[in-house]
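Okay, model.txt is below, compact mmCIF, C-alpha atoms and all ligand atoms:
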# COMPACT_ATOMS: atom_id res chain seq x y z
CA MET A 1 0.00 0.00 0.00
CA ALA A 2 1.24 3.48 -0.84
CA ASP A 3 2.12 5.61 2.17
CA PHE A 4 0.71 9.04 1.41
CA GLU A 5 0.87 12.10 3.59
CA SER A 6 -2.43 12.90 5.32
CA SER A 7 -3.33 16.60 5.05
CA THR A 8 -4.13 16.80 8.75
CA GLN A 9 -1.08 14.84 9.91
CA GLY A 10 1.62 16.35 7.74
CA ILE A 11 2.11 18.81 4.91
CA PRO A 12 1.58 17.16 1.53
CA ALA A 13 3.66 18.25 -1.43
CA ALA A 14 1.71 20.60 -3.73
CA ASP A 15 2.33 21.08 -7.45
CA ASP A 16 0.79 23.26 -10.17
CA VAL A 17 -0.92 20.24 -11.67
CA PRO A 18 -3.08 18.45 -9.10
CA ARG A 19 -1.94 14.91 -8.45
CA HIS A 20 -5.49 13.77 -7.66
CA VAL A 21 -8.66 15.25 -9.20
CA ALA A 22 -12.08 14.16 -7.86
CA ILE A 23 -15.20 15.08 -9.84
CA VAL A 24 -18.92 15.10 -9.03
CA MET A 25 -20.33 14.62 -12.52
CA ASP A 26 -23.61 16.47 -12.19
CA GLY A 27 -26.11 17.94 -14.64
CA ASN A 28 -26.87 15.08 -17.04
CA GLY A 29 -30.62 15.32 -16.47
CA ARG A 30 -30.70 19.07 -17.04
CA TRP A 31 -28.54 18.74 -20.15
CA ALA A 32 -31.17 16.41 -21.61
CA LYS A 33 -34.14 18.45 -20.42
CA MET A 34 -32.78 21.55 -22.17
CA ARG A 35 -32.92 19.56 -25.40
CA PHE A 36 -36.37 18.11 -24.74
CA LEU A 37 -34.78 14.67 -24.42
CA PRO A 38 -35.38 12.06 -21.72
CA ARG A 39 -33.01 12.30 -18.73
CA VAL A 40 -31.31 9.08 -19.73
CA ALA A 41 -30.07 10.70 -22.95
CA GLY A 42 -28.03 12.97 -20.70
CA HIS A 43 -26.52 9.98 -18.92
CA ARG A 44 -25.56 8.46 -22.26
CA ARG A 45 -23.75 11.67 -23.22
CA GLY A 46 -22.23 11.71 -19.76
CA VAL A 47 -20.26 8.57 -20.63
CA GLU A 48 -18.68 10.43 -23.54
CA ALA A 49 -17.68 13.21 -21.18
CA VAL A 50 -16.03 10.60 -18.97
CA ARG A 51 -13.87 9.53 -21.92
CA GLU A 52 -12.92 13.19 -22.50
CA ALA A 53 -12.07 13.69 -18.84
CA VAL A 54 -9.86 10.59 -18.68
CA LYS A 55 -7.98 11.60 -21.81
CA ALA A 56 -7.57 15.21 -20.71
CA CYS A 57 -6.36 14.30 -17.20
CA ALA A 58 -3.87 11.75 -18.51
CA ALA A 59 -2.53 14.30 -21.03
CA ARG A 60 -1.97 16.88 -18.29
CA GLY A 61 -0.12 14.55 -15.96
CA VAL A 62 -2.86 14.09 -13.36
CA ARG A 63 -2.06 10.79 -11.59
CA TYR A 64 -5.45 9.98 -10.03
CA LEU A 65 -8.91 10.77 -11.37
CA THR A 66 -11.90 9.86 -9.24
CA LEU A 67 -15.41 10.14 -10.66
CA PHE A 68 -18.65 10.08 -8.68
CA ALA A 69 -20.97 8.01 -10.89
CA PHE A 70 -23.69 6.83 -8.51
CA SER A 71 -24.21 7.82 -4.89
CA SER A 72 -25.63 5.70 -2.09
CA GLU A 73 -28.58 8.12 -2.21
CA ASN A 74 -29.20 7.77 -5.97
CA TRP A 75 -31.27 4.61 -5.33
CA ARG A 76 -34.01 7.08 -4.39
CA ARG A 77 -34.47 7.94 -8.08
CA PRO A 78 -37.27 6.47 -10.21
CA GLU A 79 -36.76 2.76 -10.75
CA ASP A 80 -36.45 3.02 -14.53
CA GLU A 81 -33.70 5.65 -14.28
CA VAL A 82 -31.76 3.53 -11.76
CA SER A 83 -32.09 0.49 -13.97
CA PHE A 84 -30.94 2.47 -17.02
CA LEU A 85 -27.89 3.70 -15.11
CA MET A 86 -27.00 0.13 -14.13
CA GLN A 87 -27.24 -1.08 -17.73
CA LEU A 88 -25.20 1.90 -18.90
CA PHE A 89 -22.51 1.14 -16.30
CA LEU A 90 -22.36 -2.48 -17.42
CA LYS A 91 -22.15 -1.52 -21.09
CA ALA A 92 -19.46 1.06 -20.39
CA LEU A 93 -17.45 -1.54 -18.47
CA GLU A 94 -17.73 -4.00 -21.35
CA GLN A 95 -16.73 -1.43 -23.95
CA GLU A 96 -14.12 0.65 -22.15
CA VAL A 97 -12.05 -1.57 -19.87
CA GLY A 98 -10.00 -3.03 -22.73
CA LYS A 99 -9.28 0.46 -24.05
CA LEU A 100 -8.28 1.69 -20.62
CA HIS A 101 -5.86 -1.19 -20.38
CA GLN A 102 -4.37 -0.44 -23.80
CA ASN A 103 -3.73 3.09 -22.58
CA GLY A 104 -1.94 1.94 -19.44
CA ILE A 105 -4.70 3.14 -17.13
CA ARG A 106 -5.30 1.44 -13.79
CA PHE A 107 -9.02 1.01 -13.17
CA LYS A 108 -10.63 0.90 -9.71
CA VAL A 109 -14.15 1.01 -8.33
CA ILE A 110 -15.05 2.16 -4.82
CA GLY A 111 -18.43 1.78 -3.13
CA ASP A 112 -20.69 -0.92 -1.81
CA LEU A 113 -20.97 -3.28 -4.77
CA SER A 114 -23.09 -5.81 -2.88
CA ARG A 115 -26.27 -4.25 -4.21
CA PHE A 116 -25.20 -4.51 -7.85
CA GLU A 117 -26.10 -7.33 -10.20
CA PRO A 118 -23.51 -10.14 -10.49
CA ALA A 119 -22.59 -9.24 -14.10
CA ILE A 120 -21.44 -5.78 -12.95
CA VAL A 121 -19.54 -7.12 -9.94
CA GLU A 122 -17.78 -9.60 -12.18
CA MET A 123 -16.84 -7.03 -14.84
CA VAL A 124 -15.49 -4.71 -12.15
CA ALA A 125 -13.35 -7.50 -10.68
CA ARG A 126 -12.06 -8.42 -14.14
CA GLY A 127 -11.30 -4.82 -15.04
CA GLU A 128 -9.46 -4.19 -11.80
CA ALA A 129 -7.43 -7.38 -12.15
CA LEU A 130 -6.60 -6.73 -15.80
CA THR A 131 -5.33 -3.20 -15.17
CA ALA A 132 -3.83 -3.67 -11.69
CA ALA A 133 -0.21 -3.46 -12.80
CA ASN A 134 -0.67 -0.43 -15.08
CA THR A 135 1.39 2.60 -14.16
CA GLY A 136 -0.50 5.39 -15.97
CA LEU A 137 -3.44 7.35 -14.60
CA THR A 138 -5.44 5.62 -11.87
CA LEU A 139 -9.13 6.01 -12.75
CA THR A 140 -11.49 5.36 -9.85
CA VAL A 141 -15.24 5.18 -10.35
CA ALA A 142 -17.34 5.69 -7.22
CA ALA A 143 -20.47 3.56 -7.54
CA ASN A 144 -23.02 3.14 -4.76
CA TYR A 145 -20.51 5.21 -2.85
CA GLY A 146 -21.17 7.42 0.16
CA GLY A 147 -18.59 9.24 2.26
CA ARG A 148 -20.34 8.22 5.48
CA TRP A 149 -20.51 4.60 4.34
CA ASP A 150 -16.76 4.73 3.67
CA ILE A 151 -15.87 6.08 7.12
CA LEU A 152 -18.15 3.54 8.81
CA GLN A 153 -16.85 0.55 6.89
CA ALA A 154 -13.29 1.67 7.71
CA ALA A 155 -14.15 1.99 11.42
CA ASN A 156 -15.73 -1.46 11.37
CA ARG A 157 -12.66 -2.92 9.71
CA CYS A 158 -10.44 -1.31 12.36
CA ARG A 159 -12.59 -2.90 15.05
CA ALA A 160 -12.49 -6.30 13.35
CA GLU A 161 -8.70 -6.06 13.07
CA ASP A 162 -8.24 -5.35 16.78
CA PRO A 163 -11.31 -4.63 18.92
CA ALA A 164 -9.20 -3.39 21.84
CA ALA A 165 -6.97 -0.96 19.95
CA GLU A 166 -7.74 2.73 19.76
CA ILE A 167 -8.86 3.92 16.33
CA THR A 168 -6.40 6.56 15.17
CA GLU A 169 -6.51 8.76 12.06
CA GLU A 170 -3.72 6.77 10.54
CA ARG A 171 -5.40 3.40 11.18
CA LEU A 172 -8.77 4.56 9.92
CA ALA A 173 -7.29 6.07 6.75
CA ARG A 174 -5.61 2.76 5.99
CA HIS A 175 -9.04 1.09 5.78
CA LEU A 176 -10.77 3.73 3.68
CA SER A 177 -11.71 2.48 0.23
CA MET A 178 -9.21 4.85 -1.44
CA ALA A 179 -6.25 4.06 0.79
CA TYR A 180 -4.25 3.45 -2.40
CA ALA A 181 -4.44 7.12 -3.43
CA PRO A 182 -3.35 10.45 -1.95
CA GLU A 183 -6.18 12.74 -0.83
CA PRO A 184 -7.69 14.75 -3.71
CA ASP A 185 -5.94 18.06 -4.43
CA LEU A 186 -8.76 19.38 -6.59
CA PHE A 187 -12.49 18.72 -6.33
CA ILE A 188 -14.63 19.70 -9.33
CA ARG A 189 -18.41 19.74 -9.39
CA THR A 190 -20.27 20.49 -12.60
CA GLY A 191 -23.96 21.36 -12.86
CA GLY A 192 -23.92 24.51 -10.73
CA GLU A 193 -24.71 22.87 -7.39
CA GLU A 194 -22.22 23.79 -4.68
CA ARG A 195 -22.32 20.84 -2.32
CA VAL A 196 -20.44 17.63 -1.58
CA SER A 197 -23.47 15.27 -1.70
CA ASN A 198 -21.77 12.68 0.52
CA PHE A 199 -18.72 12.20 -1.73
CA LEU A 200 -15.25 11.65 -0.21
CA LEU A 201 -15.99 13.29 3.15
CA TRP A 202 -12.86 12.22 4.99
CA GLN A 203 -10.45 12.75 2.10
CA LEU A 204 -11.67 16.27 1.20
CA ALA A 205 -10.35 17.81 4.45
CA TYR A 206 -7.86 20.10 2.62
CA THR A 207 -8.98 19.75 -0.99
CA GLU A 208 -9.45 22.86 -3.17
CA PHE A 209 -12.99 23.20 -4.57
CA PHE A 210 -13.97 24.29 -8.06
CA PHE A 211 -17.64 24.68 -8.99
CA THR A 212 -18.87 25.34 -12.51
CA PRO A 213 -22.35 25.82 -13.97
CA ALA A 214 -21.31 23.75 -17.01
CA LEU A 215 -23.33 20.54 -17.25
CA TRP A 216 -21.41 17.26 -17.14
CA PRO A 217 -22.06 16.22 -20.79
CA ASP A 218 -20.36 19.49 -21.81
CA PHE A 219 -17.21 18.84 -19.77
CA ASP A 220 -14.03 19.04 -21.85
CA GLY A 221 -10.30 19.72 -21.74
CA ALA A 222 -10.81 23.50 -21.76
CA LEU A 223 -12.94 23.29 -18.63
CA LEU A 224 -10.37 21.05 -16.98
CA ASP A 225 -7.71 23.64 -17.82
CA GLU A 226 -9.85 26.34 -16.23
CA ALA A 227 -10.17 24.28 -13.06
CA ILE A 228 -6.45 23.51 -12.99
CA ALA A 229 -5.57 27.18 -13.55
CA SER A 230 -7.84 28.17 -10.67
CA TYR A 231 -6.21 25.50 -8.52
CA GLY A 232 -2.73 26.69 -9.47
CA ALA A 233 -3.54 30.24 -8.37
CA ARG A 234 -4.46 29.22 -4.83
CA GLU A 235 -2.34 29.21 -1.73
CA ARG A 236 -2.67 25.88 0.05
CA ARG A 237 -1.76 26.68 3.62
CA PHE A 238 -2.74 23.49 5.48
CA GLY A 239 -3.25 25.53 8.62
CA ARG A 240 -0.09 27.62 8.35
CA THR A 241 0.28 31.35 7.60
CA SER A 242 1.24 32.92 4.28
CA GLU A 243 4.49 34.15 5.86
CA GLN A 244 5.47 30.64 6.84
CA LEU A 245 4.83 29.47 3.30
CA ALA A 246 7.02 32.22 1.85
CA ARG A 247 9.80 31.26 4.23
CA ALA A 248 9.39 27.56 3.44
CA LYS A 249 9.75 28.37 -0.25
CA ALA A 250 13.08 30.07 0.43
CA THR A 251 14.31 27.23 2.67
CA PRO A 252 12.20 24.09 2.17
CA LEU A 253 10.84 22.58 5.39
CA PRO A 254 12.24 19.21 6.36
CA LYS A 255 9.80 16.53 5.29
CA ALA A 256 7.37 15.84 8.13
CA GLY A 257 6.72 12.35 9.48
C1 LIG B 1 -25.50 13.28 -12.60
O1 LIG B 1 -26.49 13.93 -13.31
C2 LIG B 1 -25.54 11.78 -12.81
C3 LIG B 1 -25.98 11.01 -11.64
C4 LIG B 1 -26.24 11.50 -10.46
C5 LIG B 1 -26.13 9.58 -11.83
P1 LIG B 1 -27.95 14.11 -12.74
O2 LIG B 1 -28.77 12.95 -13.19
O3 LIG B 1 -27.93 14.32 -11.28
O4 LIG B 1 -28.42 15.41 -13.50
P2 LIG B 1 -29.30 16.59 -12.91
O5 LIG B 1 -28.66 17.07 -11.66
O6 LIG B 1 -30.66 16.02 -12.68
O7 LIG B 1 -29.29 17.61 -14.00
C1 LIG B 2 -24.30 13.65 -6.87
O1 LIG B 2 -25.26 14.12 -7.77
C2 LIG B 2 -23.99 12.22 -7.15
C3 LIG B 2 -23.39 11.94 -8.45
C4 LIG B 2 -22.98 12.80 -9.33
C5 LIG B 2 -23.22 10.55 -8.74
P1 LIG B 2 -26.79 14.24 -7.36
O2 LIG B 2 -27.48 14.89 -8.50
O3 LIG B 2 -27.31 12.92 -6.93
O4 LIG B 2 -26.72 15.20 -6.08
P2 LIG B 2 -27.84 16.05 -5.34
O5 LIG B 2 -28.98 15.13 -5.07
O6 LIG B 2 -28.26 17.14 -6.27
O7 LIG B 2 -27.18 16.58 -4.12
MG MG B 3 -27.89 15.98 -10.11
Represent the structure of the file as structure tokens.
Amino acid sequence: MADFESSTQGIPAADDVPRHVAIVMDGNGRWAKMRFLPRVAGHRRGVEAVREAVKACAARGVRYLTLFAFSSENWRRPEDEVSFLMQLFLKALEQEVGKLHQNGIRFKVIGDLSRFEPAIVEMVARGEALTAANTGLTLTVAANYGGRWDILQAANRCRAEDPAAEITEERLARHLSMAYAPEPDLFIRTGGEERVSNFLLWQLAYTEFFFTPALWPDFDGALLDEAIASYGARERRFGRTSEQLARAKATPLPKAG
């Protein structure tokens, strides 16, 4: 397992290009509605935007891209929309995993898969196994994912490991479903809503947020560049003062931990 710096325990290295980008892909339904199309047409176009996002992130040197595809609360949607989304996920897995592999991308899924049909669970396992050794971009799809679910399952795993031991930040983080990745540097949400909607609650502690009214099917490289430029212009202080940062730039701090 990779040993990444926690933003609350140490001071992570920060670069102009975010190492980890996490995106709430929102606005598919509205994109379709604007065109007098059924909501599901927006989801179909959303898959194309995913392809764009993967390509654009890989080209810019982003190492981890995490996409919120289906939340633990999205089961509340009409049954036919949920079922369409499941079929779309399955089809996308069947069509895209081979291409991801050819492009050296490591594919991961986080979330509670127990509620998914066996064909999906199997395709996910095959895709993850096939691409496990790839060293390019790590693409993580969050499906039936909830930030609270993630923290709870990690706490339960800590307890199962050693019921008597105190649960520390470090121990809990090791059991989170994205323990293989550093915390996101940049969080993007399309669709104009400015909320987290139960995405990576624990991991977003010091993430920079970028909200855009653009709808997910319209996401492209230019929008990613806008988000990255906004990110690059920010001062990530991790609790310190600007003056400390200026000093650290002149004489780099010894690496914490
Ligand atoms: C995001 O688009 C996709 C999922 C949540 C599955 P929406 O379907 O939420 O689109 P809007 O927000 O209704 O426009
Ligand atoms: C968040 O979008 C979840 C995903 C993009 C998968 P929603 O459209 O479900 O979020 P809310 O309901 O507007 O907060
Ligand atoms: Mg939405």
* To do: Can you work out the spacing between CA of Arg60 in chain A and CA of Tyr180 in chain A in Å, to one decimal?
  => 20.9 Å
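Of the residues under consideration (A:Glu48, A:Glu122, A:Asp225, A:Asp112), A:Asp112 shows the shortest atom-to-atom contact distance to Arg148 in chain A when counting only C-alpha atoms.
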If you take only C-alpha atoms and all ligand atoms and a cut-off of 9 Å, which residues of chain A touch ligand MG 3 (chain B), and what are their nearest atom pairs and distances in Å to one decimal, in chain and number order, as JSON lines?
{"residue": "A:Met25", "atom": "CA", "partner": "B:MG3", "partner_atom": "MG", "distance": 8.1}
{"residue": "A:Asp26", "atom": "CA", "partner": "B:MG3", "partner_atom": "MG", "distance": 4.8}
{"residue": "A:Gly27", "atom": "CA", "partner": "B:MG3", "partner_atom": "MG", "distance": 5.2}
{"residue": "A:Asn28", "atom": "CA", "partner": "B:MG3", "partner_atom": "MG", "distance": 7.1}
{"residue": "A:Gly29", "atom": "CA", "partner": "B:MG3", "partner_atom": "MG", "distance": 7.0}
{"residue": "A:Arg30", "atom": "CA", "partner": "B:MG3", "partner_atom": "MG", "distance": 8.1}
{"residue": "A:Gly191", "atom": "CA", "partner": "B:MG3", "partner_atom": "MG", "distance": 7.2}
{"residue": "A:Glu193", "atom": "CA", "partner": "B:MG3", "partner_atom": "MG", "distance": 8.1}
Write out as JSON lines the residues of chain A that have any atom within 9 Å of an atom of ligand LIG 2 (chain B), one row each with the nearest atom pair and its distance in Å to one decimal, counting all atoms listed in the file, sorted by chain and then rising number.
{"residue": "A:Ile23", "atom": "CA", "partner": "B:LIG2", "partner_atom": "C4", "distance": 8.1}
{"residue": "A:Val24", "atom": "CA", "partner": "B:LIG2", "partner_atom": "C4", "distance": 4.7}
{"residue": "A:Met25", "atom": "CA", "partner": "B:LIG2", "partner_atom": "C4", "distance": 4.5}
{"residue": "A:Asp26", "atom": "CA", "partner": "B:LIG2", "partner_atom": "C4", "distance": 4.7}
{"residue": "A:Gly27", "atom": "CA", "partner": "B:LIG2", "partner_atom": "O2", "distance": 7.0}
{"residue": "A:Asn28", "atom": "CA", "partner": "B:LIG2", "partner_atom": "O2", "distance": 8.6}
{"residue": "A:Gly29", "atom": "CA", "partner": "B:LIG2", "partner_atom": "O2", "distance": 8.6}
{"residue": "A:Leu67", "atom": "CA", "partner": "B:LIG2", "partner_atom": "C5", "distance": 8.1}
{"residue": "A:Phe68", "atom": "CA", "partner": "B:LIG2", "partner_atom": "C5", "distance": 4.6}
{"residue": "A:Ala69", "atom": "CA", "partner": "B:LIG2", "partner_atom": "C5", "distance": 4.0}
{"residue": "A:Phe70", "atom": "CA", "partner": "B:LIG2", "partner_atom": "C5", "distance": 3.8}
{"residue": "A:Ser71", "atom": "CA", "partner": "B:LIG2", "partner_atom": "C5", "distance": 4.8}
{"residue": "A:Ser72", "atom": "CA", "partner": "B:LIG2", "partner_atom": "C2", "distance": 8.4}
{"residue": "A:Glu73", "atom": "CA", "partner": "B:LIG2", "partner_atom": "O3", "distance": 6.9}
{"residue": "A:Asn74", "atom": "CA", "partner": "B:LIG2", "partner_atom": "O3", "distance": 5.6}
{"residue": "A:Arg77", "atom": "CA", "partner": "B:LIG2", "partner_atom": "O3", "distance": 8.8}
{"residue": "A:Ala142", "atom": "CA", "partner": "B:LIG2", "partner_atom": "C5", "distance": 7.8}
{"residue": "A:Ala143", "atom": "CA", "partner": "B:LIG2", "partner_atom": "C5", "distance": 7.6}
{"residue": "A:Asn144", "atom": "CA", "partner": "B:LIG2", "partner_atom": "C5", "distance": 8.4}
{"residue": "A:Tyr145", "atom": "CA", "partner": "B:LIG2", "partner_atom": "C5", "distance": 8.4}
{"residue": "A:Arg189", "atom": "CA", "partner": "B:LIG2", "partner_atom": "C4", "distance": 8.3}
{"residue": "A:Thr190", "atom": "CA", "partner": "B:LIG2", "partner_atom": "C4", "distance": 8.8}
{"residue": "A:Gly191", "atom": "CA", "partner": "B:LIG2", "partner_atom": "O2", "distance": 8.6}
{"residue": "A:Glu193", "atom": "CA", "partner": "B:LIG2", "partner_atom": "O6", "distance": 6.8}
{"residue": "A:Glu194", "atom": "CA", "partner": "B:LIG2", "partner_atom": "O7", "distance": 8.8}
{"residue": "A:Arg195", "atom": "CA", "partner": "B:LIG2", "partner_atom": "O7", "distance": 6.7}
{"residue": "A:Val196", "atom": "CA", "partner": "B:LIG2", "partner_atom": "O7", "distance": 7.3}
{"residue": "A:Ser197", "atom": "CA", "partner": "B:LIG2", "partner_atom": "O7", "distance": 4.6}
{"residue": "A:Asn198", "atom": "CA", "partner": "B:LIG2", "partner_atom": "C1", "distance": 7.9}
{"residue": "A:Phe199", "atom": "CA", "partner": "B:LIG2", "partner_atom": "C2", "distance": 7.6}
Deliver the residues from the most recent selection as a file, using C-alpha atoms, as an mmCIF file, in the coordinates of the input.
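The resulting result-v2.cif:
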data_model
loop_
_atom_site.group_PDB
_atom_site.id
_atom_site.type_symbol
_atom_site.label_atom_id
_atom_site.label_comp_id
_atom_site.auth_asym_id
_atom_site.auth_seq_id
_atom_site.Cartn_x
_atom_site.Cartn_y
_atom_site.Cartn_z
ATOM 1 C CA ILE A 23 -15.200 15.080 -9.840
ATOM 2 C CA VAL A 24 -18.920 15.100 -9.030
ATOM 3 C CA MET A 25 -20.330 14.620 -12.520
ATOM 4 C CA ASP A 26 -23.610 16.470 -12.190
ATOM 5 C CA GLY A 27 -26.110 17.940 -14.640
ATOM 6 C CA ASN A 28 -26.870 15.080 -17.040
ATOM 7 C CA GLY A 29 -30.620 15.320 -16.470
ATOM 8 C CA LEU A 67 -15.410 10.140 -10.660
ATOM 9 C CA PHE A 68 -18.650 10.080 -8.680
ATOM 10 C CA ALA A 69 -20.970 8.010 -10.890
ATOM 11 C CA PHE A 70 -23.690 6.830 -8.510
ATOM 12 C CA SER A 71 -24.210 7.820 -4.890
ATOM 13 C CA SER A 72 -25.630 5.700 -2.090
ATOM 14 C CA GLU A 73 -28.580 8.120 -2.210
ATOM 15 C CA ASN A 74 -29.200 7.770 -5.970
ATOM 16 C CA ARG A 77 -34.470 7.940 -8.080
ATOM 17 C CA ALA A 142 -17.340 5.690 -7.220
ATOM 18 C CA ALA A 143 -20.470 3.560 -7.540
ATOM 19 C CA ASN A 144 -23.020 3.140 -4.760
ATOM 20 C CA TYR A 145 -20.510 5.210 -2.850
ATOM 21 C CA ARG A 189 -18.410 19.740 -9.390
ATOM 22 C CA THR A 190 -20.270 20.490 -12.600
ATOM 23 C CA GLY A 191 -23.960 21.360 -12.860
ATOM 24 C CA GLU A 193 -24.710 22.870 -7.390
ATOM 25 C CA GLU A 194 -22.220 23.790 -4.680
ATOM 26 C CA ARG A 195 -22.320 20.840 -2.320
ATOM 27 C CA VAL A 196 -20.440 17.630 -1.580
ATOM 28 C CA SER A 197 -23.470 15.270 -1.700
ATOM 29 C CA ASN A 198 -21.770 12.680 0.520
ATOM 30 C CA PHE A 199 -18.720 12.200 -1.730
#
* Within 8 Å of range 36-46 of chain A, counting all atoms listed in the file, which residues show up once you throw out same-chain ones fewer than 5 positions away? Write them as a list in words, please. =>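 After dropping sequence-adjacent residues, the list is Asn28, Gly29, Arg30, Trp31, Glu81, Phe84, Leu85, Leu88, Trp216 and Pro217 of chain A.
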* Provide the CA of Ala173 in chain A to CA of Ala154 in chain A distance in Å, to one decimal place. =>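 So the answer is 7.5 Å.
Of note, CA of Trp149 in chain A and atom O5 of ligand LIG 1 (chain B) are spaced 21.9 Å apart.
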Would you output range 73-80 of chain A from that structure, restricted to all heavy atoms, as a JSON list (two decimals), in the first residue's frame?
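The file below, selection20.json, is the result:
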[["chain", "number", "residue", "atom", "x", "y", "z"],
["A", 73, "GLU", "N", -27.25, 7.52, -2.28],
["A", 73, "GLU", "CA", -28.58, 8.12, -2.21],
["A", 73, "GLU", "C", -29.31, 8.08, -3.57],
["A", 73, "GLU", "O", -30.51, 8.34, -3.64],
["A", 73, "GLU", "CB", -28.50, 9.57, -1.73],
["A", 73, "GLU", "CG", -28.13, 9.72, -0.25],
["A", 73, "GLU", "CD", -26.69, 9.34, 0.05],
["A", 73, "GLU", "OE1", -25.79, 9.68, -0.74],
["A", 73, "GLU", "OE2", -26.45, 8.66, 1.08],
["A", 74, "ASN", "N", -28.58, 7.76, -4.64],
["A", 74, "ASN", "CA", -29.20, 7.77, -5.97],
["A", 74, "ASN", "C", -30.21, 6.63, -6.18],
["A", 74, "ASN", "O", -30.99, 6.66, -7.14],
["A", 74, "ASN", "CB", -28.15, 7.75, -7.09],
["A", 74, "ASN", "CG", -27.46, 9.09, -7.30],
["A", 74, "ASN", "OD1", -26.27, 9.16, -7.60],
["A", 74, "ASN", "ND2", -28.19, 10.20, -7.13],
["A", 75, "TRP", "N", -30.24, 5.65, -5.26],
["A", 75, "TRP", "CA", -31.27, 4.61, -5.33],
["A", 75, "TRP", "C", -32.66, 5.21, -5.15],
["A", 75, "TRP", "O", -33.66, 4.58, -5.46],
["A", 75, "TRP", "CB", -31.06, 3.54, -4.26],
["A", 75, "TRP", "CG", -29.77, 2.80, -4.38],
["A", 75, "TRP", "CD1", -28.65, 3.00, -3.61],
["A", 75, "TRP", "CD2", -29.44, 1.76, -5.31],
["A", 75, "TRP", "NE1", -27.64, 2.14, -4.01],
["A", 75, "TRP", "CE2", -28.10, 1.37, -5.05],
["A", 75, "TRP", "CE3", -30.14, 1.12, -6.34],
["A", 75, "TRP", "CZ2", -27.46, 0.36, -5.77],
["A", 75, "TRP", "CZ3", -29.49, 0.11, -7.05],
["A", 75, "TRP", "CH2", -28.17, -0.25, -6.77],
["A", 76, "ARG", "N", -32.71, 6.43, -4.62],
["A", 76, "ARG", "CA", -34.01, 7.08, -4.39],
["A", 76, "ARG", "C", -34.64, 7.55, -5.69],
["A", 76, "ARG", "O", -35.76, 8.05, -5.70],
["A", 76, "ARG", "CB", -33.82, 8.29, -3.48],
["A", 76, "ARG", "CG", -33.31, 7.94, -2.10],
["A", 76, "ARG", "CD", -32.91, 9.20, -1.36],
["A", 76, "ARG", "NE", -32.37, 8.88, -0.03],
["A", 76, "ARG", "CZ", -31.68, 9.72, 0.71],
["A", 76, "ARG", "NH1", -31.43, 10.95, 0.26],
["A", 76, "ARG", "NH2", -31.23, 9.37, 1.89],
["A", 77, "ARG", "N", -33.94, 7.48, -6.79],
["A", 77, "ARG", "CA", -34.47, 7.94, -8.08],
["A", 77, "ARG", "C", -35.50, 6.95, -8.62],
["A", 77, "ARG", "O", -35.56, 5.81, -8.17],
["A", 77, "ARG", "CB", -33.33, 8.11, -9.08],
["A", 77, "ARG", "CG", -32.40, 9.21, -8.64],
["A", 77, "ARG", "CD", -31.48, 9.61, -9.75],
["A", 77, "ARG", "NE", -30.67, 10.74, -9.29],
["A", 77, "ARG", "CZ", -29.97, 11.53, -10.08],
["A", 77, "ARG", "NH1", -29.94, 11.29, -11.37],
["A", 77, "ARG", "NH2", -29.27, 12.52, -9.59],
["A", 78, "PRO", "N", -36.29, 7.38, -9.63],
["A", 78, "PRO", "CA", -37.27, 6.47, -10.21],
["A", 78, "PRO", "C", -36.60, 5.16, -10.66],
["A", 78, "PRO", "O", -35.46, 5.19, -11.15],
["A", 78, "PRO", "CB", -37.81, 7.24, -11.42],
["A", 78, "PRO", "CG", -37.54, 8.67, -11.11],
["A", 78, "PRO", "CD", -36.30, 8.71, -10.27],
["A", 79, "GLU", "N", -37.32, 4.08, -10.49],
["A", 79, "GLU", "CA", -36.76, 2.76, -10.75],
["A", 79, "GLU", "C", -36.21, 2.62, -12.17],
["A", 79, "GLU", "O", -35.16, 2.01, -12.39],
["A", 79, "GLU", "CB", -37.87, 1.73, -10.53],
["A", 79, "GLU", "CG", -37.40, 0.42, -9.97],
["A", 79, "GLU", "CD", -38.58, -0.52, -9.77],
["A", 79, "GLU", "OE1", -39.39, -0.21, -8.87],
["A", 79, "GLU", "OE2", -38.68, -1.50, -10.52],
["A", 80, "ASP", "N", -36.92, 3.20, -13.14],
["A", 80, "ASP", "CA", -36.45, 3.02, -14.53],
["A", 80, "ASP", "C", -35.15, 3.78, -14.78],
["A", 80, "ASP", "O", -34.31, 3.33, -15.55],
["A", 80, "ASP", "CB", -37.55, 3.35, -15.56],
["A", 80, "ASP", "CG", -38.09, 4.75, -15.39],
["A", 80, "ASP", "OD1", -37.82, 5.39, -14.34],
["A", 80, "ASP", "OD2", -38.79, 5.23, -16.31]]
